[in-house]
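Colleague: Input final_13.txt, format and content: compact mmCIF, C-alpha atoms.
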# COMPACT_ATOMS: atom_id res chain seq x y z
CA MET A 23 2.63 -20.56 10.71
CA VAL A 24 5.22 -21.96 8.38
CA ASP A 25 8.58 -22.75 10.01
CA VAL A 26 11.19 -20.53 8.33
CA SER A 27 13.96 -21.11 10.88
CA HIS A 28 15.97 -23.15 8.38
CA LYS A 29 15.90 -20.42 5.72
CA PRO A 30 18.82 -17.97 5.37
CA PHE A 31 18.48 -14.28 6.14
CA MET A 32 18.28 -12.38 2.86
CA LEU A 33 17.54 -8.85 1.73
CA ARG A 34 13.98 -8.93 0.47
CA GLU A 35 11.89 -6.30 -1.25
CA ALA A 36 8.34 -6.30 -2.57
CA VAL A 37 6.35 -3.77 -4.55
CA ALA A 38 2.57 -3.80 -4.75
CA ARG A 39 0.15 -1.62 -6.63
CA GLY A 40 -3.57 -0.93 -6.71
CA GLU A 41 -5.94 1.85 -7.53
CA ILE A 42 -9.03 3.59 -6.36
CA ARG A 43 -11.40 4.98 -8.97
CA LEU A 44 -12.95 8.32 -8.07
CA GLN A 45 -14.97 11.05 -9.69
CA LYS A 46 -12.96 13.93 -11.17
CA GLU A 47 -14.47 16.35 -8.66
CA THR A 48 -13.24 14.14 -5.81
CA ILE A 49 -9.71 14.23 -7.24
CA ARG A 50 -9.97 18.03 -7.37
CA LEU A 51 -11.07 18.15 -3.72
CA ILE A 52 -8.18 15.89 -2.70
CA GLU A 53 -5.62 17.97 -4.59
CA SER A 54 -6.92 21.23 -3.13
CA GLN A 55 -7.07 19.69 0.36
CA ALA A 56 -10.76 20.55 0.57
CA VAL A 57 -11.95 17.17 1.91
CA ALA A 58 -13.53 17.69 5.34
CA LYS A 59 -11.45 14.98 7.04
CA GLY A 60 -8.16 16.61 6.02
CA ASN A 61 -5.16 15.88 3.81
CA VAL A 62 -6.28 12.64 2.18
CA LEU A 63 -3.00 11.51 0.65
CA ALA A 64 -0.89 12.31 3.72
CA VAL A 65 -3.25 10.35 5.97
CA ALA A 66 -3.48 7.47 3.48
CA ARG A 67 0.34 7.32 3.24
CA LEU A 68 0.66 7.06 7.02
CA ALA A 69 -2.15 4.51 7.22
CA GLY A 70 -0.48 2.34 4.59
CA ILE A 71 2.89 2.42 6.34
CA MET A 72 1.31 1.70 9.71
CA ALA A 73 -0.64 -1.22 8.22
CA ALA A 74 2.52 -2.69 6.69
CA LYS A 75 4.12 -2.62 10.14
CA LYS A 76 1.09 -4.42 11.62
CA THR A 77 0.55 -7.02 8.88
CA GLY A 78 1.47 -9.93 11.17
CA GLU A 79 -1.27 -8.82 13.57
CA LEU A 80 -3.89 -8.43 10.84
CA ILE A 81 -3.37 -11.66 8.89
CA PRO A 82 -3.52 -14.67 11.21
CA LEU A 83 -0.72 -16.89 9.86
CA CYS A 84 1.55 -14.14 8.57
CA HIS A 85 4.92 -13.72 10.31
CA SER A 86 5.47 -10.48 12.22
CA LEU A 87 8.40 -8.79 10.53
CA PRO A 88 10.57 -5.85 11.57
CA LEU A 89 10.50 -3.76 8.38
CA THR A 90 13.63 -1.87 7.45
CA HIS A 91 11.80 0.37 4.97
CA CYS A 92 8.29 1.04 3.71
CA GLU A 93 6.99 3.74 1.42
CA VAL A 94 3.61 4.48 -0.12
CA ASN A 95 3.27 6.71 -3.18
CA PHE A 96 0.36 8.06 -5.19
CA GLU A 97 -0.06 8.96 -8.84
CA ILE A 98 -3.01 10.69 -10.47
CA PRO A 99 -2.96 9.91 -14.21
CA LYS A 100 -3.97 12.40 -16.89
CA THR A 101 -7.40 10.77 -17.07
CA ARG A 102 -8.00 12.14 -13.54
CA ASP A 103 -10.35 9.28 -12.72
CA ARG A 104 -8.22 7.31 -10.26
CA ILE A 105 -5.37 7.35 -7.83
CA ILE A 106 -2.73 4.69 -8.40
CA ILE A 107 -1.19 3.53 -5.12
CA THR A 108 2.25 1.92 -5.03
CA ALA A 109 3.88 0.53 -1.91
CA ALA A 110 7.39 -0.84 -1.47
CA ALA A 111 8.66 -2.68 1.60
CA LYS A 112 12.12 -3.99 2.51
CA ILE A 113 13.53 -6.29 5.14
CA ALA A 114 16.49 -8.50 5.98
CA ALA A 115 14.75 -11.69 7.04
CA GLN A 116 14.05 -15.37 6.51
CA THR A 117 10.68 -14.85 4.85
CA GLY A 118 9.12 -12.60 2.23
CA ILE A 119 7.68 -9.14 2.51
CA GLU A 120 4.95 -9.20 -0.14
CA MET A 121 2.07 -9.32 2.35
CA GLU A 122 3.31 -6.08 3.92
CA ALA A 123 3.41 -4.28 0.55
CA LEU A 124 -0.05 -5.60 -0.39
CA THR A 125 -1.46 -4.60 3.00
CA ALA A 126 0.01 -1.10 2.67
CA VAL A 127 -1.71 -0.60 -0.70
CA SER A 128 -5.01 -2.01 0.55
CA VAL A 129 -5.17 0.09 3.70
CA ALA A 130 -4.07 3.25 1.87
CA ALA A 131 -6.93 2.68 -0.59
CA LEU A 132 -9.39 2.03 2.24
CA THR A 133 -8.27 5.23 3.94
CA ILE A 134 -8.87 7.26 0.79
CA TYR A 135 -12.30 5.62 0.54
CA ASP A 136 -13.12 6.44 4.16
CA MET A 137 -12.00 10.03 3.89
CA CYS A 138 -13.92 10.67 0.65
CA LYS A 139 -17.08 8.59 1.14
CA ALA A 140 -19.15 11.66 2.06
CA VAL A 141 -18.47 13.27 -1.32
CA ASP A 142 -18.13 10.28 -3.67
CA LYS A 143 -20.55 7.35 -3.57
CA LYS A 144 -19.08 5.68 -6.68
CA MET A 145 -15.52 4.94 -5.55
CA ARG A 146 -14.10 1.52 -6.36
CA ILE A 147 -10.92 -0.10 -5.08
CA MET A 148 -9.44 -2.23 -7.86
CA ASP A 149 -6.53 -4.30 -9.08
CA VAL A 150 -4.48 -4.69 -5.90
CA GLU A 151 -1.57 -6.86 -6.99
CA LEU A 152 2.01 -7.79 -6.30
CA VAL A 153 4.21 -6.13 -8.91
CA SER A 154 7.55 -7.61 -7.89
CA LYS A 155 9.42 -9.36 -5.16
CA THR A 156 13.14 -9.86 -4.96
CA LYS A 157 15.63 -11.40 -2.63
CA ARG A 158 19.38 -11.36 -2.54
CA ILE A 159 22.10 -12.62 -0.26
CA LEU A 160 23.17 -10.28 2.51
CA SER A 161 26.59 -8.84 1.78
CA SER A 162 29.04 -8.62 4.65
In structure tokens, how does this file's structure come out?
Modeller:
Amino acid sequence: MVDVSHKPFMLREAVARGEIRLQKETIRLIESQAVAKGNVLAVARLAGIMAAKKTGELIPLCHSLPLTHCEVNFEIPKTRDRIIITAAAKIAAQTGIEMEALTAVSVAALTIYDMCKAVDKKMRIMDVELVSKTKRILSS
């Protein structure tokens, strides 16, 4: 691991985004909560948040960080061929939070895939990326 003990504590935030492509019928099943495994987006949201909290355990050289906030949101565009996943994570720490946001998006997408694989064999997880990361000095 990288030694961050010399770095100052700062407020840090990261936003990541990705998408999962699905068939229109699969989107309809998700929206009507007709997928056999249950409420897909609720489970995927929880999975993403839980994954962000466990990032340091999943990625070998990543610092374990006590998150102060994490959220995972979903958007279904008018094309109705994908779900866009956005995750934001915050912390007051000596190191960044981008891995937690990226992990949240990735695991949320994997959860949607797992819950829908019986009805959609053409799903694709795509374009997982860091959208932004910021840091600012802690105010007293």
Colleague: Counting all atoms listed in the file, which residue out of A:Ala140, A:Ala69, A:Leu44, A:Ala126 sits closest to Pro99 in chain A?
Modeller: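 Among A:Ala140, A:Ala69, A:Leu44, A:Ala126, it is A:Leu44 that comes nearest to Pro99 in chain A.
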Colleague: Each side padded by 5 Å, which centre and which edge lengths in Å (one decimal) define the axis-aligned box around the listed atoms of range 58-72 of chain A? Give them as lines of an AutoDock Vina configuration file.
Modeller:
center_x = -5.3
center_y = 9.7
center_z = 5.2
size_x = 26.4
size_y = 26.0
size_z = 19.1
Colleague: Could you check the closest approach to Lys76 in chain A for each of A:Glu122, A:Asp136, A:Asp149, A:Asp142 and tell me which residue wins, using all atoms listed in the file?
Modeller: A:Glu122
Colleague: Work out how far CA of Arg104 in chain A is from CA of Arg43 in chain A, in Å to one decimal.
Modeller: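 Computing the Euclidean distance for CA of Arg43 in chain A and CA of Arg104 in chain A yields 4.1 Å.
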Colleague: Please list as a PyMOL selection string every residue within 9 Å of His85 in chain A, counting only C-alpha atoms and excluding residues in the same chain fewer than 6 positions away.
Modeller: chain A and resi 23-24+77-79+117
Colleague: I want to know what sits within 10 Å of Val129 in chain A, based on only C-alpha atoms, with residues of the same chain fewer than 5 positions away left out; could you give that as a compact mmCIF listing (two decimals) with C-alpha atoms, in the coordinates of the input?
Modeller:
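Once everything was written out, this is out_33.txt:
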# COMPACT_ATOMS: atom_id res chain seq x y z
CA ALA A 66 -3.48 7.47 3.48
CA ARG A 67 0.34 7.32 3.24
CA LEU A 68 0.66 7.06 7.02
CA ALA A 69 -2.15 4.51 7.22
CA GLY A 70 -0.48 2.34 4.59
CA ILE A 71 2.89 2.42 6.34
CA MET A 72 1.31 1.70 9.71
CA ALA A 73 -0.64 -1.22 8.22
CA ALA A 74 2.52 -2.69 6.69
CA LEU A 124 -0.05 -5.60 -0.39
CA ILE A 134 -8.87 7.26 0.79
CA TYR A 135 -12.30 5.62 0.54
Colleague: (-11.8, 12.9, 0.7) in this file's frame - what residues fall within 7 Å of it? Use all atoms listed in the file and give the answer as a list in words.
Modeller: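 Looking at atoms near the point gives Thr48, Leu51, Ile52, Val57, Ala58, Lys59, Val62, Ile134, Met137, Cys138, Lys139 and Val141 of chain A.
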